[in-house]
Protein chains: 4
Amino acid sequence: MSVLVSNFINGQIVASNSGRSADLFNPANGEHRGQVQLSSAEEALRAVEVAKQAQLAWQNTPPLQRARVMFRFKALLEEKADELATLISIEHGKVHSDALGELTRGLEVVEFACGIPHLLKGEHSLNVGREIDSYSLMQPVGVCVGITPFNFPVMVPLWMIPVALACGNSFILKPSEKDPSVSLALADLLQQAGLPDGVFNVIQGDKEVVDALLEAPDVVAVSFVGSTPIAQAIYSKGSANGKRVQALGGAKNHLVVMPDADLEGATNALMGAAYGAAGERCMAISVAVAVGDETADRLIESLQRKVKGLRVGPGLGVSPENEMGPLVSEVHMNKVKQYIQSGVEQGATLVVDGREAHASGPGYFVGGTLFDNVTSDMTIYQEEIFGPVLCVVRAKDYQQALQLINDHEFGNGTAIYTRDGDTARDFSEKVEIGMVGVNVPIPVPMAFHSFGGWKRSIFGPLNVHGNDGVRFYTRMKTVTARWPKGQRESEFVMPTMK
Amino acid sequence: MSVLVSNFINGQIVASNSGRSADLFNPANGEHRGQVQLSSAEEALRAVEVAKQAQLAWQNTPPLQRARVMFRFKALLEEKADELATLISIEHGKVHSDALGELTRGLEVVEFACGIPHLLKGEHSLNVGREIDSYSLMQPVGVCVGITPFNFPVMVPLWMIPVALACGNSFILKPSEKDPSVSLALADLLQQAGLPDGVFNVIQGDKEVVDALLEAPDVVAVSFVGSTPIAQAIYSKGSANGKRVQALGGAKNHLVVMPDADLEGATNALMGAAYGAAGERCMAISVAVAVGDETADRLIESLQRKVKGLRVGPGLGVSPENEMGPLVSEVHMNKVKQYIQSGVEQGATLVVDGREAHASGPGYFVGGTLFDNVTSDMTIYQEEIFGPVLCVVRAKDYQQALQLINDHEFGNGTAIYTRDGDTARDFSEKVEIGMVGVNVPIPVPMAFHSFGGWKRSIFGPLNVHGNDGVRFYTRMKTVTARWPKGQRESEFVMPTMK
Amino acid sequence: MSVLVSNFINGQIVASNSGRSADLFNPANGEHRGQVQLSSAEEALRAVEVAKQAQLAWQNTPPLQRARVMFRFKALLEEKADELATLISIEHGKVHSDALGELTRGLEVVEFACGIPHLLKGEHSLNVGREIDSYSLMQPVGVCVGITPFNFPVMVPLWMIPVALACGNSFILKPSEKDPSVSLALADLLQQAGLPDGVFNVIQGDKEVVDALLEAPDVVAVSFVGSTPIAQAIYSKGSANGKRVQALGGAKNHLVVMPDADLEGATNALMGAAYGAAGERCMAISVAVAVGDETADRLIESLQRKVKGLRVGPGLGVSPENEMGPLVSEVHMNKVKQYIQSGVEQGATLVVDGREAHASGPGYFVGGTLFDNVTSDMTIYQEEIFGPVLCVVRAKDYQQALQLINDHEFGNGTAIYTRDGDTARDFSEKVEIGMVGVNVPIPVPMAFHSFGGWKRSIFGPLNVHGNDGVRFYTRMKTVTARWPKGQRESEFVMPTMK
Amino acid sequence: MSVLVSNFINGQIVASNSGRSADLFNPANGEHRGQVQLSSAEEALRAVEVAKQAQLAWQNTPPLQRARVMFRFKALLEEKADELATLISIEHGKVHSDALGELTRGLEVVEFACGIPHLLKGEHSLNVGREIDSYSLMQPVGVCVGITPFNFPVMVPLWMIPVALACGNSFILKPSEKDPSVSLALADLLQQAGLPDGVFNVIQGDKEVVDALLEAPDVVAVSFVGSTPIAQAIYSKGSANGKRVQALGGAKNHLVVMPDADLEGATNALMGAAYGAAGERCMAISVAVAVGDETADRLIESLQRKVKGLRVGPGLGVSPENEMGPLVSEVHMNKVKQYIQSGVEQGATLVVDGREAHASGPGYFVGGTLFDNVTSDMTIYQEEIFGPVLCVVRAKDYQQALQLINDHEFGNGTAIYTRDGDTARDFSEKVEIGMVGVNVPIPVPMAFHSFGGWKRSIFGPLNVHGNDGVRFYTRMKTVTARWPKGQRESEFVMPTMK
């Protein structure tokens, strides 16, 4: 029973005529699941045209009514949560509870977008000069595009879609070709929620489609989440075509463990943050920085035991539930294993080797892997592995730990574990990272705040969702008004219009 | 099948032991419907105690979770809309569509309150001094009380309840004793929505209960909507007891018809604004100010015809629906008729006399009534009639119309009908009224803006719902923090204190 | 060379005809300095009338222009800082550097008010319904009154005046009759800054004037800072007369010293916070809560030494400068001494007795006084002494310390000294106090935040300065607008007006 | 007495070693005035390095202190206004009053930036989860670059500099090489105001310098104002290098004259808006759209008379002052004349020909020029002339006028003259232009609002100054914090870690 994942254009499932497609697999067992069509540039442009036309009426729908579509969308997402999470697990591999968690974080952005009548308020100034007023209208930008990664096939699209739509825009989603099925489920629910046809569209595809969207004159805003090289390319190309772009890239998130940390808490936090979703999260912790050798020794000891005890296996249908599923693809699994090998070769201490887990069975599994004595010149330190590999770096003191993070190319997330208010405050102020956790391992901002990194983890001045998201998806228009006198003083004369 | 309307305390319907009660009637036919209990001061204090205890846990429930109770409450209100509207009509008398409209406006405040995680944000300043930060926490105030009028038994409570609850407070509603049944329906839906017991309570009663609530030390905030004398008394007494109070009073809303107005539009607007809900609205238009005799003559001619054609009758079960139902009580019907008589005696021209409508039949009906040549010294101009009586005042010019409004005691709402930008702008700036319509007859602000008048139509600096509502139901706490050095620099040394 | 302090009305120094006056003294030497006139109710009403008339034109001055008066006022305050501080010291007694500090904090509110064009922005919503817009105008309230205490004769008036004026209001200041001279200096500088005559007025007086202002129908807003009984009386009376009132009362501010605190830092902080300005500050720390006997013992030891070494003496003309000046009056000095005596009698341990300092010399001096083993049933714990008396209470643990503070009648300020993030966070959330310092002894919010306590330290929902100040001094007007069609479609016909 | 305009780096005038320079002329008489050095890429990078180092300390200066530098800068700008305006006139050519006006608009941004402590506030959420808080820090981005045009050598730099500096950034200004002198005057005043050396730098140059700045890794943010092709190139190149860029381009601003307009007002408005500063303004009106031939005829008649009466001549030293000065350069003068010629050749009606004004004399003068019957296919309609040439287009009705504007490539400013509220509101909502005037010809938003166009008049999502400016010059960091328990409950036990 093979699936064929097509496009959703103008309120309908539409098959691509491109003749190209990509294979879909179930990473938990390696089975071929079907295909996703890879649409043509022409089809992408057709989606843009549809989105452009549909946006005109949607823009004129009052924000209060647009919000009510979001209210219904939220209710439907909750109703279908289990189905959606299952669909995520089948194509992505993450365990069911994790897929539900992803859904919840996406849902929260829908909840945020329900407040759009308030969020869209402009500013009004009476008497900027005598009898002259000035006020701003925050109007939709038009057609928006979202290009989203495989690792959060629901959450990342939902960082963008609810805000963009609630602001009065139309939207074209280009999902990852690795787990595209759930994108059509979202489209279906939006339609059920009352979104007019053509306002939300999904186009499956690869670089051909992306390039077409980045060049289409009617696409005004592009949101991207993925790796840094692609993010920069998207930002560069979209900008060269005059668009506003927010492009979020890779990460190498450090968690600093101070000597005064609650070590039990820190260890537990690291387990979830490093190995949850097999490390395929842009907010995963992939580096633990232990301050002081004593701290490091205790940390390694504690981690080692827990990593070895991780329940690794399929994300669905197992009781009790596994804690970590497979990687997304065979290619990626092999790449992660190569990273592990390079760590060994470059001199890191391989404390727990996850390469043997499920080595013989089906599915793209790599078990939890733990390195000690990692240094900043190693490949496993410098690059984003996107797998269940945690590197422990030993820092001699706090300053060295801080410097290490600030010297890294990426600036997405980080965390510090300490009881000391001064340490936490100094770290929060000085670390050159966009999202900082104090005793919180994965400090993803809530939907009503904004998600975004620093340095090469983001391109563009505005973060995702929260007020920044609203600003990104709106154009400001400032009106300055005064009125000629004369009419008021001549009340008794009827203005007529022969 | 007589009803007995009791209290809702700590999640349960609780009968009062006071031994006192008031009769309930169906104003459409005068039938005795049952009774509402009039609780004792002791029972009110018991409700306060319950609310105080329940608030402690509710305050610690994160705003996101509190918002989700509001999301569910919204869904339930929509599901039960017809039932609720019917309940309103039976006790209040307004026609079904009008009751549904009331419900919708209340529902919008629930929708607004769903955004509470965003709305509760405080301000954070990094480095108010070197390494000193300052930030504000907007915390709930504690136990809030709402004392609400008969004319909007759902909408006015919902101006207060969703915001107060979402901010983390507990709430005690003291509804009008004329149409109290629907208050228990709201309580039931809040409970179904997952609100913990004791966070929302209803206490039926009269002045005894009100006085007890205004004196109870644990009541921190009081919201009131009603007539101006009572509003001032509540404001005065609540303030004398150290509480924060917002007390909204009476109105005499003028609609100015300029010579250049769209007269057809203005007339239609007046019909709805003056006679809708039989004029029992604090935002009803009770005075039309026609600028110039020509305008006045045309307006009277147009209105006269329409007023005579008003479909007056029961609010339920009639097809096609009536446009206007009865007044709320026999006492009030007689009072309105006396006002009409005073208008005649003081020299106003009675163009359409509504006193004869249904005069012989059951129910508390007064038909649409229209006066011309009303002047500012007449009782029907100065006082709030709260009935289907529209007074036309003739102004010689715009300035006189404006002055008339500014000289009136009340300052709730007003409107102007004109095509001229200058006239509208001048009026908007200079009229001493809190809510101004430009070609909008009943300019009730949306839920995400705030409701409130000027002059003796409001007491207290903060309006209802919108940002002001959130501010009213929160206490600001400002934290200023810095940290002692020492821990960071001595990572390896155990912190000791000897 | 005796001074006679009169009123400033309509841009001129105007002598009162009341025939009543109060004596002024130099508290550093007890010398009679002159008199302040105590104006009559009639004179107060004359000031209201002047302020009402002047406000009309001032309101129509664009905010940008009003801000520029504030910019010039700031420059003048800086230019005259030394003179103003000297004037403060002469009548209040505080040392010169402290008077300059007071001035700076007041000046910061002037700086904040320079941003009024931004701060006054209303909200604008496009399409609240189809082709219906809604926006809010934040207009001045009219005539505002400030009634201010002796302890900050410049800072407290400047909490109110710049914001009220910048918002477009006129203002009447009723300063303390103990140190009124500087109020006229402020009036002079405002006039020099270009403020039109009548917009700012000063009326000297006592209860007669205050009552007249609270009853005057044209006074719309009243701001008060003083003791709690008077604050409540002002709030009660002003509210009964329909005004908006913010009334700030007394304080008993606790500083908690945790076992892990930086004790040296805490001790230094206590010295300034308890004895600065001789304790005559509503944000002074008058209670130190030492958690654990060991902490208490070390704290007492450290404090004892420093209190004994305090340089107490005249605030002007001494080199090096004294650290603490006299109390404001002989009456108050005696009252403080009685409090000390009551502490002894009720069983507190008098560690340092300040009653003997300058006992024989002139001036109203009480030296730094330190009590240990104070308990919550003692008068010196329960009441605001407003003198250089620090009470050390010993708490057995953190919970007890927190409970102690929450049980006190007042809720102005508090502080905690700790290194532990958890303790600080828990304290910040749970303490029922409006202004909280974490390792900051006197956590007065900056001008761009808002000042205000909780419980019986404030009456009214809005704090002083910051956004709350702007809200307090403005009335919201919400306009809802749509326009009739017809004109646009008939472009070629000239509207004429025969 | 020839001038040589050099760089200002690290607090000092520094001569360039590049060996390249450009000539400076006085456009009012064509006299050679001196030279501006054209710096090398290396020198630009040196400026970046200086700015990077200086920013570190400036960032740590509390916003309140940074604001005070702005307060002093404002005072100095006011003090030196006449000198600065003279310097503008000498190199740019605009008349003195116009130069003073430019200065005032720039000054207003400095005033806005004085409010930076308030404007920099982040958002704080208590309990995003139980005992987890989240808050945002708005931190400076680092080194900012401004590349500014000749037409407003003070105002446009001041759109950027005060906001960027107040936010804690350092700034490098690359002024136009046509009128660079005043840039050094600004640098001098900033230094006098107390800005630390290196925080503000000026580098003179051309494309070499610009390219170097766009490639320098340490430049984080680039603001540009100029023509659209360059704006797009800057946006594209800056973005390709990973920077945040706001690039404002060209304009073709239409003013619609409706039949019901106050024609006298509209004509006067057009005179200033079309010919002020010789049309060298990105907000100049270069197209008047007359709705209906009758309107057009009356407009042309009225304009013709006034254009012929324009006082054209040198901007300095003439009494009474001239109304319009020369164009900025001989090259530009010739280009404008060619545009006029093309208009004639393509069939427009040349009503007033400005080419003969001062034709024989010195200076780069073109007189006020008026075309009638311009159509959308003509070059003078499509391109930005940046000269004193007003094109009248005749539209048959409002819809055609609106469509004309929406079809144009540019979207900077526009205006409509009408008395009709409906027309104004419809135009404001539907016109695809960033800044809209209703009976206001040049609707430049105030400093506390934001400047920016739509379509190809801006690249990047954020406008200039106002809240958008603050957002552009800051990076958001979101902190999520919770704390481990344990310390509070064990006050007496020394925290140990073994």
# chains A, B, ... in the order shown; residues from 1 in each chain; ligands from 1

$ residues_around --residues "range 411-424 of chain D" --least-positions-apart "4" --cutoff "8 Å" --atoms "only C-alpha atoms" --output "VMD selection string"
(chain A and resid 483 to 484) or (chain B and resid 419 to 422) or (chain C and resid 482 to 485 487 to 488) or (chain D and resid 250 to 262 266 282 to 283 285 406 428 432 to 443 452 to 458)

$ interface_residues --of "chain A" --to "chain C" --cutoff "9 Å" --atoms "only C-alpha atoms" --output "MDAnalysis selection string"
chainID A and resid 60:65 117:118 120:131 135:139 418:422 424 490 493:498

$ atom_distance --atom1 "CA of Lys396 in chain D" --atom2 "CA of Val374 in chain D"
13.4 Å

$ residues_around --residues "Ile234 in chain C" --least-positions-apart "5" --cutoff "12 Å" --atoms "only C-alpha atoms" --output "PyMOL selection string"
(chain B and resi 236+239-240+242) or (chain C and resi 145-148+207+210-215+221-229+239-241+243-249+458-460)

$ residues_around --residues "Asn29 in chain A" --least-positions-apart "6" --cutoff "12 Å" --atoms "only C-alpha atoms" --output "MDAnalysis selection string"
chainID A and resid 89:93 313:316 325:330 358 360:365

$ write_last_selection --atoms "N, CA and C atoms" --output "PDB file, in the first residue's frame"
ATOM      1  N   SER A  89       5.807  10.102  13.200  1.00  0.00           N
ATOM      2  CA  SER A  89       6.696   9.010  13.602  1.00  0.00           C
ATOM      3  C   SER A  89       7.011   8.085  12.433  1.00  0.00           C
ATOM      4  N   ILE A  90       6.005   7.794  11.632  1.00  0.00           N
ATOM      5  CA  ILE A  90       6.222   6.841  10.542  1.00  0.00           C
ATOM      6  C   ILE A  90       7.288   7.325   9.571  1.00  0.00           C
ATOM      7  N   GLU A  91       7.250   8.605   9.239  1.00  0.00           N
ATOM      8  CA  GLU A  91       8.212   9.093   8.244  1.00  0.00           C
ATOM      9  C   GLU A  91       9.478   9.662   8.846  1.00  0.00           C
ATOM     10  N   HIS A  92       9.361  10.206  10.047  1.00  0.00           N
ATOM     11  CA  HIS A  92      10.556  10.790  10.668  1.00  0.00           C
ATOM     12  C   HIS A  92      11.270   9.804  11.571  1.00  0.00           C
ATOM     13  N   GLY A  93      10.492   8.984  12.270  1.00  0.00           N
ATOM     14  CA  GLY A  93      11.101   8.007  13.158  1.00  0.00           C
ATOM     15  C   GLY A  93      11.023   8.343  14.623  1.00  0.00           C
ATOM     16  N   GLY A 313      14.771   2.223  19.855  1.00  0.00           N
ATOM     17  CA  GLY A 313      13.985   1.341  19.006  1.00  0.00           C
ATOM     18  C   GLY A 313      12.895   2.104  18.288  1.00  0.00           C
ATOM     19  N   PRO A 314      11.993   1.390  17.650  1.00  0.00           N
ATOM     20  CA  PRO A 314      10.935   2.029  16.869  1.00  0.00           C
ATOM     21  C   PRO A 314      10.111   2.994  17.724  1.00  0.00           C
ATOM     22  N   GLY A 315       9.639   4.037  17.100  1.00  0.00           N
ATOM     23  CA  GLY A 315       8.913   5.068  17.822  1.00  0.00           C
ATOM     24  C   GLY A 315       7.451   4.767  18.029  1.00  0.00           C
ATOM     25  N   LEU A 316       6.947   3.751  17.378  1.00  0.00           N
ATOM     26  CA  LEU A 316       5.520   3.458  17.466  1.00  0.00           C
ATOM     27  C   LEU A 316       5.289   2.039  17.950  1.00  0.00           C
ATOM     28  N   GLY A 325      14.234   6.989  18.784  1.00  0.00           N
ATOM     29  CA  GLY A 325      13.990   6.238  17.564  1.00  0.00           C
ATOM     30  C   GLY A 325      15.194   6.264  16.639  1.00  0.00           C
ATOM     31  N   PRO A 326      14.964   5.890  15.395  1.00  0.00           N
ATOM     32  CA  PRO A 326      16.048   5.835  14.412  1.00  0.00           C
ATOM     33  C   PRO A 326      16.367   7.227  13.867  1.00  0.00           C
ATOM     34  N   LEU A 327      17.438   7.308  13.109  1.00  0.00           N
ATOM     35  CA  LEU A 327      17.713   8.520  12.330  1.00  0.00           C
ATOM     36  C   LEU A 327      16.806   8.512  11.106  1.00  0.00           C
ATOM     37  N   VAL A 328      16.806   9.624  10.398  1.00  0.00           N
ATOM     38  CA  VAL A 328      15.778   9.796   9.378  1.00  0.00           C
ATOM     39  C   VAL A 328      16.036   8.991   8.109  1.00  0.00           C
ATOM     40  N   SER A 329      17.305   8.684   7.843  1.00  0.00           N
ATOM     41  CA  SER A 329      17.585   7.996   6.581  1.00  0.00           C
ATOM     42  C   SER A 329      18.869   7.189   6.705  1.00  0.00           C
ATOM     43  N   GLU A 330      19.034   6.304   5.787  1.00  0.00           N
ATOM     44  CA  GLU A 330      20.233   5.475   5.789  1.00  0.00           C
ATOM     45  C   GLU A 330      21.467   6.336   5.546  1.00  0.00           C
ATOM     46  N   HIS A 358      21.366  -1.974  17.257  1.00  0.00           N
ATOM     47  CA  HIS A 358      20.537  -2.371  16.110  1.00  0.00           C
ATOM     48  C   HIS A 358      21.378  -2.560  14.852  1.00  0.00           C
ATOM     49  N   SER A 360      22.593  -4.894  13.336  1.00  0.00           N
ATOM     50  CA  SER A 360      22.235  -5.964  12.406  1.00  0.00           C
ATOM     51  C   SER A 360      20.801  -5.870  11.909  1.00  0.00           C
ATOM     52  N   GLY A 361      19.946  -5.211  12.722  1.00  0.00           N
ATOM     53  CA  GLY A 361      18.531  -5.215  12.391  1.00  0.00           C
ATOM     54  C   GLY A 361      18.188  -4.190  11.330  1.00  0.00           C
ATOM     55  N   PRO A 362      16.911  -4.115  11.004  1.00  0.00           N
ATOM     56  CA  PRO A 362      16.465  -3.122  10.032  1.00  0.00           C
ATOM     57  C   PRO A 362      16.362  -1.767  10.718  1.00  0.00           C
ATOM     58  N   GLY A 363      16.167  -0.743   9.965  1.00  0.00           N
ATOM     59  CA  GLY A 363      15.997   0.599  10.526  1.00  0.00           C
ATOM     60  C   GLY A 363      17.320   1.318  10.631  1.00  0.00           C
ATOM     61  N   TYR A 364      17.224   2.649  10.676  1.00  0.00           N
ATOM     62  CA  TYR A 364      18.432   3.489  10.615  1.00  0.00           C
ATOM     63  C   TYR A 364      18.848   3.917  12.009  1.00  0.00           C
ATOM     64  N   PHE A 365      19.190   2.976  12.819  1.00  0.00           N
ATOM     65  CA  PHE A 365      19.474   3.289  14.225  1.00  0.00           C
ATOM     66  C   PHE A 365      20.949   3.537  14.489  1.00  0.00           C
TER      67      PHE A 365
END

$ select_by_dssp --residues "range 166-322 of chain A" --states "strand (DSSP E)" --output "JSON, numbers by chain"
{"A": [170, 171, 172, 173, 174, 200, 201, 202, 219, 220, 221, 222, 223, 224, 225, 244, 245, 246, 247, 248, 253, 254, 255, 256, 257, 285, 286, 287, 288, 289, 290, 291]}

$ atom_distance --atom1 "CA of Gly486 in chain B" --atom2 "CA of Gln400 in chain A"
16.4 Å

$ residues_around --residues "Phe8 in chain B" --least-positions-apart "5" --cutoff "7 Å" --atoms "only C-alpha atoms" --output "PDB file with N, CA, C and O atoms, in the first residue's frame"
ATOM      1  N   ILE B  13     -23.750  24.276  43.151  1.00  0.00           N
ATOM      2  CA  ILE B  13     -24.937  25.076  43.417  1.00  0.00           C
ATOM      3  C   ILE B  13     -25.227  24.960  44.908  1.00  0.00           C
ATOM      4  O   ILE B  13     -25.322  23.851  45.441  1.00  0.00           O
ATOM      5  N   VAL B  14     -25.320  26.104  45.535  1.00  0.00           N
ATOM      6  CA  VAL B  14     -25.545  26.118  46.979  1.00  0.00           C
ATOM      7  C   VAL B  14     -26.742  27.012  47.267  1.00  0.00           C
ATOM      8  O   VAL B  14     -26.759  28.183  46.868  1.00  0.00           O
ATOM      9  N   LEU B 184     -25.709  31.256  36.325  1.00  0.00           N
ATOM     10  CA  LEU B 184     -25.379  29.879  36.724  1.00  0.00           C
ATOM     11  C   LEU B 184     -24.996  29.036  35.512  1.00  0.00           C
ATOM     12  O   LEU B 184     -24.177  28.115  35.615  1.00  0.00           O
ATOM     13  N   ASN B 201     -17.250  32.086  41.289  1.00  0.00           N
ATOM     14  CA  ASN B 201     -18.407  31.895  42.149  1.00  0.00           C
ATOM     15  C   ASN B 201     -19.478  32.917  41.807  1.00  0.00           C
ATOM     16  O   ASN B 201     -19.175  34.017  41.344  1.00  0.00           O
ATOM     17  N   VAL B 202     -20.710  32.529  42.051  1.00  0.00           N
ATOM     18  CA  VAL B 202     -21.829  33.444  41.826  1.00  0.00           C
ATOM     19  C   VAL B 202     -22.589  33.576  43.131  1.00  0.00           C
ATOM     20  O   VAL B 202     -22.908  32.576  43.770  1.00  0.00           O
ATOM     21  N   ILE B 203     -22.837  34.817  43.476  1.00  0.00           N
ATOM     22  CA  ILE B 203     -23.662  35.028  44.664  1.00  0.00           C
ATOM     23  C   ILE B 203     -24.839  35.914  44.285  1.00  0.00           C
ATOM     24  O   ILE B 203     -24.672  36.997  43.754  1.00  0.00           O
TER      25      ILE B 203
END

$ atom_distance --atom1 "CA of Gln192 in chain A" --atom2 "CA of Met446 in chain B"
26.8 Å

$ closest_residue --among "D:Ser18, D:Phe150, D:Leu100, D:Val219" --to "Val50 in chain D" --atoms "only C-alpha atoms"
D:Val219

$ residues_around --residues "Asp197 in chain D" --least-positions-apart "5" --cutoff "9 Å" --atoms "only C-alpha atoms" --output "list of chain:residue names"
D:Ile9, D:Asn10, D:Gly11, D:Gln12, D:Val50, D:Ala51, D:Ala54, D:Gln191

$ write_last_selection --atoms "all heavy atoms" --output "mmCIF file, in the first residue's frame"
data_model
loop_
_atom_site.group_PDB
_atom_site.id
_atom_site.type_symbol
_atom_site.label_atom_id
_atom_site.label_comp_id
_atom_site.auth_asym_id
_atom_site.auth_seq_id
_atom_site.Cartn_x
_atom_site.Cartn_y
_atom_site.Cartn_z
ATOM 1 N N ILE D 9 38.168 58.914 12.410
ATOM 2 C CA ILE D 9 38.324 57.542 12.913
ATOM 3 C C ILE D 9 38.857 57.607 14.342
ATOM 4 O O ILE D 9 39.837 58.295 14.600
ATOM 5 C CB ILE D 9 39.341 56.747 12.060
ATOM 6 C CG1 ILE D 9 39.050 56.886 10.565
ATOM 7 C CG2 ILE D 9 39.384 55.271 12.476
ATOM 8 C CD1 ILE D 9 37.928 56.052 10.029
ATOM 9 N N ASN D 10 38.189 56.888 15.202
ATOM 10 C CA ASN D 10 38.663 56.774 16.588
ATOM 11 C C ASN D 10 38.828 58.137 17.253
ATOM 12 O O ASN D 10 39.780 58.371 18.007
ATOM 13 C CB ASN D 10 39.993 56.000 16.617
ATOM 14 C CG ASN D 10 40.130 55.237 17.930
ATOM 15 O OD1 ASN D 10 39.177 55.096 18.676
ATOM 16 N ND2 ASN D 10 41.337 54.772 18.201
ATOM 17 N N GLY D 11 37.923 59.022 16.951
ATOM 18 C CA GLY D 11 37.920 60.312 17.624
ATOM 19 C C GLY D 11 38.839 61.357 17.014
ATOM 20 O O GLY D 11 39.044 62.427 17.592
ATOM 21 N N GLN D 12 39.378 61.056 15.846
ATOM 22 C CA GLN D 12 40.292 62.017 15.241
ATOM 23 C C GLN D 12 40.063 62.156 13.738
ATOM 24 O O GLN D 12 39.714 61.176 13.070
ATOM 25 C CB GLN D 12 41.737 61.549 15.454
ATOM 26 C CG GLN D 12 42.159 61.615 16.909
ATOM 27 C CD GLN D 12 43.640 61.366 17.050
ATOM 28 O OE1 GLN D 12 44.139 60.335 16.595
ATOM 29 N NE2 GLN D 12 44.337 62.328 17.627
ATOM 30 N N VAL D 50 38.350 49.596 14.473
ATOM 31 C CA VAL D 50 38.217 50.599 15.531
ATOM 32 C C VAL D 50 36.807 50.545 16.131
ATOM 33 O O VAL D 50 36.620 50.542 17.351
ATOM 34 C CB VAL D 50 38.512 52.006 14.954
ATOM 35 C CG1 VAL D 50 37.943 53.095 15.860
ATOM 36 C CG2 VAL D 50 40.016 52.183 14.766
ATOM 37 N N ALA D 51 35.841 50.499 15.248
ATOM 38 C CA ALA D 51 34.447 50.489 15.706
ATOM 39 C C ALA D 51 34.146 49.235 16.519
ATOM 40 O O ALA D 51 33.411 49.269 17.509
ATOM 41 C CB ALA D 51 33.499 50.573 14.510
ATOM 42 N N ALA D 54 35.756 49.675 20.013
ATOM 43 C CA ALA D 54 35.104 50.702 20.834
ATOM 44 C C ALA D 54 33.711 50.266 21.284
ATOM 45 O O ALA D 54 33.227 50.670 22.345
ATOM 46 C CB ALA D 54 35.005 52.006 20.046
ATOM 47 N N GLN D 191 31.329 63.874 19.539
ATOM 48 C CA GLN D 191 32.470 63.790 20.445
ATOM 49 C C GLN D 191 32.305 64.776 21.605
ATOM 50 O O GLN D 191 32.512 64.424 22.770
ATOM 51 C CB GLN D 191 33.754 64.089 19.672
ATOM 52 C CG GLN D 191 35.026 63.735 20.429
ATOM 53 C CD GLN D 191 36.256 63.910 19.572
ATOM 54 O OE1 GLN D 191 36.322 64.839 18.767
ATOM 55 N NE2 GLN D 191 37.225 63.017 19.725
#

$ residues_around --residues "Asn373 in chain A" --least-positions-apart "2" --cutoff "10 Å" --atoms "only C-alpha atoms" --output "list in words"
Ala296, Gly347, Ala348, Thr349, Leu350, Val351, Phe371, Thr375, Ser376, Cys391, Val392, Val393, Arg394 and Ala395 of chain A

$ select_by_dssp --residues "range 233-293 of chain B" --states "helix (DSSP H, G or I)" --output "list in words"
Ala233, Ile234, Tyr235, Ser236, Lys237, Gly238, Ser239, Ala240, Leu263, Glu264, Gly265, Ala266, Thr267, Asn268, Ala269, Leu270, Met271, Gly272, Ala273, Ala274, Tyr275, Gly276, Ala277, Ala278, Gly279 and Asp293 of chain B

$ closest_residue --among "C:Gly142, C:Pro175, C:Pro180, C:Gly367" --to "Lys308 in chain C" --atoms "only C-alpha atoms"
C:Gly367
